[in-house]
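Engineer: Below is one structure. I have some questions about it.
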Amino acid sequence: MSGFAGLRIALVGPLPPPAGGMANQTRQLAELLRAARAEVELVQTNAPYRPAWLGRVPMLRAAARLLPYAVRLWKAAGRSDVFHVMANSGWSWHLFAMPAIRIAARRGVPVVVNYRGGEAASFLARSHRVVCATIRRARAVAVPSGFLQRVFAEHGVATEIVPNVVDLARFRPRAAVRARGAHIVVTRNLEPIYDNASAIRALARVRQRRPDARLTIAGSGPEQAALQALVDELGLNDAVRLAGRLERDAVAALYRDADVVLNPSTVDNAPNSLLEAMASGVPIVSTEVGGVPYLVQHGRTALLVAPGDVEAMADAIVRLLADDAQAGALARAGLEEVRRYTWDEVSQTLARLYARVTVAAPHPRADPNHA
C-alpha cells in the first residue's frame with residue numbers, strides 16, 4: 001500500500017452511531033488508509049452537539065453544528081494534500097458536502113467527491129444546477145457503482161467507480177456445517193426507504209409454509225415503534241426480533257447464523273449489507289431497485305423481486321429454504337463475486353485516483369450545458 005504512505009488525507013463524512021452504510025464506510029476507510037500509512041484527519045459531519053442540549057433546540061442546533069464544522073474544515077484544509085468528501089443526496093449534500101468542497105477548493109486543496117445514495121436520480125433531477133456548480137470545483141467524482149455512474153452521466157458529470165470495501169476477515173462463512181434452519185436476517189436501518197414493514201409481512205406469509213421461520217432485523221431508526229406495532233398486529237412476537245443497532249462483529253455473527261438475507265428496500269445504490277451477506281456465504285433475496293442489479297445478478301448471486309411485493313419476497317425465501325442446491329449455488333457464486341470488493345482490489349484504484357488529483361491541474365467535472 002505504498003501509494004498512500006505519507007499522504008495527508010482529510011476524510012469528511014459521518015461516523016457511527018447511527019451505523020448506516022456511509023458511516024460504516026467512512027470509519028472503515030479511515031482505518032484502512034491509516035493501516036496503509038496515510039495520515040488521515042477525520043472531519044465528522046455528525047459530531048455530537050456540545051453542549052448536548054443544543055441538539056434539542058431547533059433554531060440553534062444547525063448553527064451549533066455547522067459553525068464548528070466549517071472551522072474544522074478550514075483547519076484541515078491547511079494541513080492536507082487531498083480532501084476525500086463522502087457525499088449523499090438532499091440536505092446532507094447542502095449542509096455537509098457542499099461546504100467541504102468549496103472550502104477545500106478555496107484553499108487550493110484537491111477534492112475527491114465520493115458520492116453515494118440510492119436517491120441520487122431524484123435529487124439531481126431537482127438540484128442538478130446547484131450540485132454541478134459545486135462539483136466542478138472538485139478534481140474527481142468517485143461513485144461506488146455503475147448505477148450512479150449512469151445517473152451522473154445523464155447530468156453531464158464524469159465519474160469513476162471506486163467500489164465499496166468489504167472486510168473478508170470479519171464477514172466470513174460459518175466455520176462449522178450445521179443443519180439449515182429458517183432464520184431470515186435484515187440489516188437495514190428502520191427508515192421508510194428500507195421498507196422493513198414488507199419484510200415483516202413477508203415473514204407472516206413464509207410462516208404459513210414454514211412455521212419455524214423467524215426474522216431478525218438489525219438496525220435503528222424512526223420506524224421502530226411502527227414496526228413493533230405491526231409485529232404485534234400480526235401476532236409475530238415469538239418470531240420477530242428487532243435487534244437494534246449492532247456493532248460490526250455482532251452483525252457478522254448474525255450473518256453466520258442466517259439462512260437467508262433479505263433486503264426489502266425501495267431505494268438503493270450499492271448496499272454493503274449485500275456485500276457482507278455474500279462474504280458470509282448466505283443466499284440473498286433482494287428488491288430489484290436502483291443499483292442492486294449492478295451488484296447482484298438474479299438467479300446467480302441473488303433472487304430479485306419487485307419492491308413492495310410481499311408475496312414474491314415470501315415465495316423467494318421459501319424457495320431458498322426448501323432448495324439446498326439453489327441456496328448453495330447462490331452462496332458460492334456470491335463468495336466468488338465479493339472478492340472484487342476487497343481492500344487489496346479497491347486500494348489500487350483509489351491510490352491511482354489520489355495520485356492523479358494531487359498532481360493534476362484543476363479541471364471541470366461537469367458539462368456547463370447542464371449547469
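Note on naming: chains are A, B, ... as they come in the C-alpha cells, residues start from 1 per chain, ligands start from 1 in the order shown.
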Taking 4 positions as the minimum chain separation for residues in the same chain, which residues sit within 9 Å of Arg214 in chain A when counting only C-alpha atoms? Answer as an NGL selection string.
Structural biologist: :A and (182-185 or 203 or 207 or 236 or 238-241)
Engineer: Take the residues from that selection and put them in a file with C-alpha atoms, as a PDB file, in the first residue's frame.
Structural biologist:
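Saved as selection_13.pdb:
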```
ATOM      1  CA  ALA A 182     -35.281 -20.824   8.650  1.00  0.00           C
ATOM      2  CA  HIS A 183     -33.607 -17.718  10.092  1.00  0.00           C
ATOM      3  CA  ILE A 184     -34.185 -14.653   7.897  1.00  0.00           C
ATOM      4  CA  VAL A 185     -31.996 -11.612   8.554  1.00  0.00           C
ATOM      5  CA  LEU A 203     -42.415 -13.424   7.236  1.00  0.00           C
ATOM      6  CA  ARG A 207     -44.651 -18.997   8.270  1.00  0.00           C
ATOM      7  CA  LEU A 236     -45.395 -12.418  15.360  1.00  0.00           C
ATOM      8  CA  ASP A 238     -42.361 -15.004  19.075  1.00  0.00           C
ATOM      9  CA  ALA A 239     -40.865 -14.892  15.565  1.00  0.00           C
ATOM     10  CA  VAL A 240     -39.522 -11.353  15.055  1.00  0.00           C
ATOM     11  CA  ARG A 241     -36.620  -9.746  16.874  1.00  0.00           C
TER      12      ARG A 241
END
```
Engineer: Apply DSSP to the backbone of this structure and, from range 128-304 of chain A, keep only the residues in alpha helix (DSSP H); write these as a PyMOL selection string.
Structural biologist: chain A and resi 128-135+146-153+196-209+224-233+248-256+272-279+292-295
Engineer: How would the residues just chosen look if you wrote them out with C-alpha atoms as a short mmCIF file (atom, residue, chain, number, x, y, z; two decimals), in the first residue's frame?
Structural biologist:
```cif
data_model
loop_
_atom_site.label_atom_id
_atom_site.label_comp_id
_atom_site.auth_asym_id
_atom_site.auth_seq_id
_atom_site.Cartn_x
_atom_site.Cartn_y
_atom_site.Cartn_z
CA HIS A 128 -28.53 19.43 -10.72
CA ARG A 129 -27.67 23.08 -11.35
CA VAL A 130 -26.52 23.83 -7.82
CA VAL A 131 -24.89 20.40 -7.43
CA CYS A 132 -22.96 20.66 -10.68
CA ALA A 133 -21.86 24.20 -9.86
CA THR A 134 -20.11 22.81 -6.79
CA ILE A 135 -18.91 19.54 -8.33
CA GLY A 146 -22.25 1.65 -12.42
CA PHE A 147 -25.75 2.71 -11.42
CA LEU A 148 -24.58 6.04 -10.01
CA GLN A 149 -22.13 6.46 -12.86
CA ARG A 150 -25.08 6.31 -15.27
CA VAL A 151 -27.16 8.70 -13.13
CA PHE A 152 -24.40 11.32 -13.09
CA ALA A 153 -23.64 10.88 -16.79
CA ASN A 196 -38.83 -3.27 6.85
CA ALA A 197 -42.62 -3.49 7.13
CA SER A 198 -42.66 -5.59 3.95
CA ALA A 199 -40.07 -7.91 5.48
CA ILE A 200 -42.36 -8.48 8.49
CA ARG A 201 -45.39 -9.06 6.28
CA ALA A 202 -43.35 -11.46 4.13
CA LEU A 203 -42.41 -13.42 7.24
CA ALA A 204 -46.11 -13.87 8.09
CA ARG A 205 -46.61 -15.48 4.67
CA VAL A 206 -43.45 -17.58 4.96
CA ARG A 207 -44.65 -19.00 8.27
CA GLN A 208 -47.78 -20.34 6.59
CA ARG A 209 -45.44 -22.79 4.85
CA GLN A 224 -39.15 1.22 15.39
CA ALA A 225 -42.43 1.89 17.16
CA ALA A 226 -44.48 1.41 13.97
CA LEU A 227 -42.67 -1.84 13.16
CA GLN A 228 -43.19 -3.18 16.66
CA ALA A 229 -46.89 -2.33 16.36
CA LEU A 230 -47.03 -4.29 13.09
CA VAL A 231 -45.36 -7.28 14.74
CA ASP A 232 -47.98 -7.13 17.50
CA GLU A 233 -50.82 -6.79 14.98
CA ARG A 248 -19.71 -4.81 13.34
CA ASP A 249 -18.67 -8.09 14.99
CA ALA A 250 -22.21 -8.71 16.20
CA VAL A 251 -23.56 -8.08 12.69
CA ALA A 252 -21.01 -10.51 11.27
CA ALA A 253 -22.07 -13.15 13.80
CA LEU A 254 -25.72 -12.55 12.88
CA TYR A 255 -24.98 -13.23 9.21
CA ARG A 256 -23.29 -16.50 10.14
CA ASN A 272 -22.87 -3.01 1.89
CA SER A 273 -25.36 -5.34 3.52
CA LEU A 274 -25.43 -7.38 0.31
CA LEU A 275 -21.64 -7.48 0.10
CA GLU A 276 -21.49 -8.59 3.72
CA ALA A 277 -24.10 -11.28 3.11
CA MET A 278 -22.18 -12.62 0.11
CA ALA A 279 -18.93 -12.59 2.08
CA VAL A 292 -28.88 -3.56 -6.70
CA PRO A 293 -28.88 -5.26 -10.16
CA TYR A 294 -25.39 -3.80 -10.71
CA LEU A 295 -24.23 -5.56 -7.54
#
```
Engineer: Tell me which of A:Ile101, A:Ala64, A:Val289, A:Leu168 sits closest to Gly308 in chain A, counting only C-alpha atoms.
Structural biologist: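 When distances to Gly308 in chain A are compared using only C-alpha atoms, the smallest one comes from A:Val289.
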Engineer: Quick one: everything within 10 Å of Ala179 in chain A, counting only C-alpha atoms, minus sequence neighbours fewer than 2 positions away in the same chain. Send it as a count of residues only.
Structural biologist: 3
Engineer: Would you mind writing down, as a PyMOL selection string, each residue of range 129-200 of chain A that DSSP on the backbone assigns to strand (DSSP E)?
Structural biologist: chain A and resi 140-143+160-161+183-186
Engineer: Please provide the set of residues having any atom within 6 Å of Ala302 in chain A, restricted to only C-alpha atoms, with same-chain residues fewer than 4 positions apart removed, written as a list in words.
Structural biologist: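 Surrounding residues, per the criterion: Ile284, Val285 and His298 of chain A.
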Engineer: Of the candidates A:Arg178, A:Arg170, A:Ala63, A:Val310, which one gets nearest to Gln28 in chain A if we count only C-alpha atoms?
Structural biologist: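 The closest residue to Gln28 in chain A is A:Arg170.
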Engineer: List as a PyMOL selection string the protein and nucleic acid residues near range 84-100 of chain A, meaning an atom at most 6 Å away when only C-alpha atoms are counted, but skip any in the same chain fewer than 2 places from it.
Structural biologist: chain A and resi 11-13+102-103+112-117+120
Engineer: Mind dumping the selected residues with C-alpha atoms as a CSV table (one decimal), in the first residue's frame?
Structural biologist:
```csv
chain,number,residue,atom,x,y,z
A,11,LEU,CA,-11.7,12.4,5.2
A,12,VAL,CA,-15.0,14.1,5.5
A,13,GLY,CA,-18.1,12.1,6.4
A,102,ARG,CA,-16.0,24.8,-1.5
A,103,ILE,CA,-13.7,25.4,1.5
A,112,VAL,CA,-12.4,13.8,-4.4
A,113,VAL,CA,-16.2,13.7,-4.1
A,114,ASN,CA,-17.2,10.2,-3.1
A,115,TYR,CA,-21.0,10.3,-3.9
A,116,ARG,CA,-23.3,7.6,-2.5
A,117,GLY,CA,-27.0,7.1,-2.0
A,120,ALA,CA,-29.3,10.5,-6.4
```
Engineer: Could you check which of A:Ala243, A:Ala62, A:Ala329, A:Leu190 is closest to Pro222 in chain A, using only C-alpha atoms?
Structural biologist: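 For Pro222 in chain A, the nearest of the given residues is A:Leu190.
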Engineer: In Å to one decimal, how far is CA of Ala38 in chain A from CA of Ile9 in chain A?
Structural biologist: 7.1 Å
Engineer: Can you tell me which residues surround Trp74 in chain A at a distance of at most 9 Å, considering only C-alpha atoms, apart from same-chain residues fewer than 4 positions away, and format the answer as an mmCIF file with C-alpha atoms, in the first residue's frame?
Structural biologist:
```
data_model
loop_
_atom_site.group_PDB
_atom_site.id
_atom_site.type_symbol
_atom_site.label_atom_id
_atom_site.label_comp_id
_atom_site.auth_asym_id
_atom_site.auth_seq_id
_atom_site.Cartn_x
_atom_site.Cartn_y
_atom_site.Cartn_z
ATOM 1 C CA TYR A 69 -17.779 22.050 11.266
ATOM 2 C CA ALA A 70 -16.729 24.905 8.967
ATOM 3 C CA GLY A 78 -4.410 23.839 5.817
ATOM 4 C CA ALA A 100 -16.395 20.890 2.403
ATOM 5 C CA ILE A 103 -13.703 25.405 1.497
ATOM 6 C CA ALA A 104 -11.090 22.942 0.229
ATOM 7 C CA ARG A 107 -7.711 26.826 -0.042
#
```
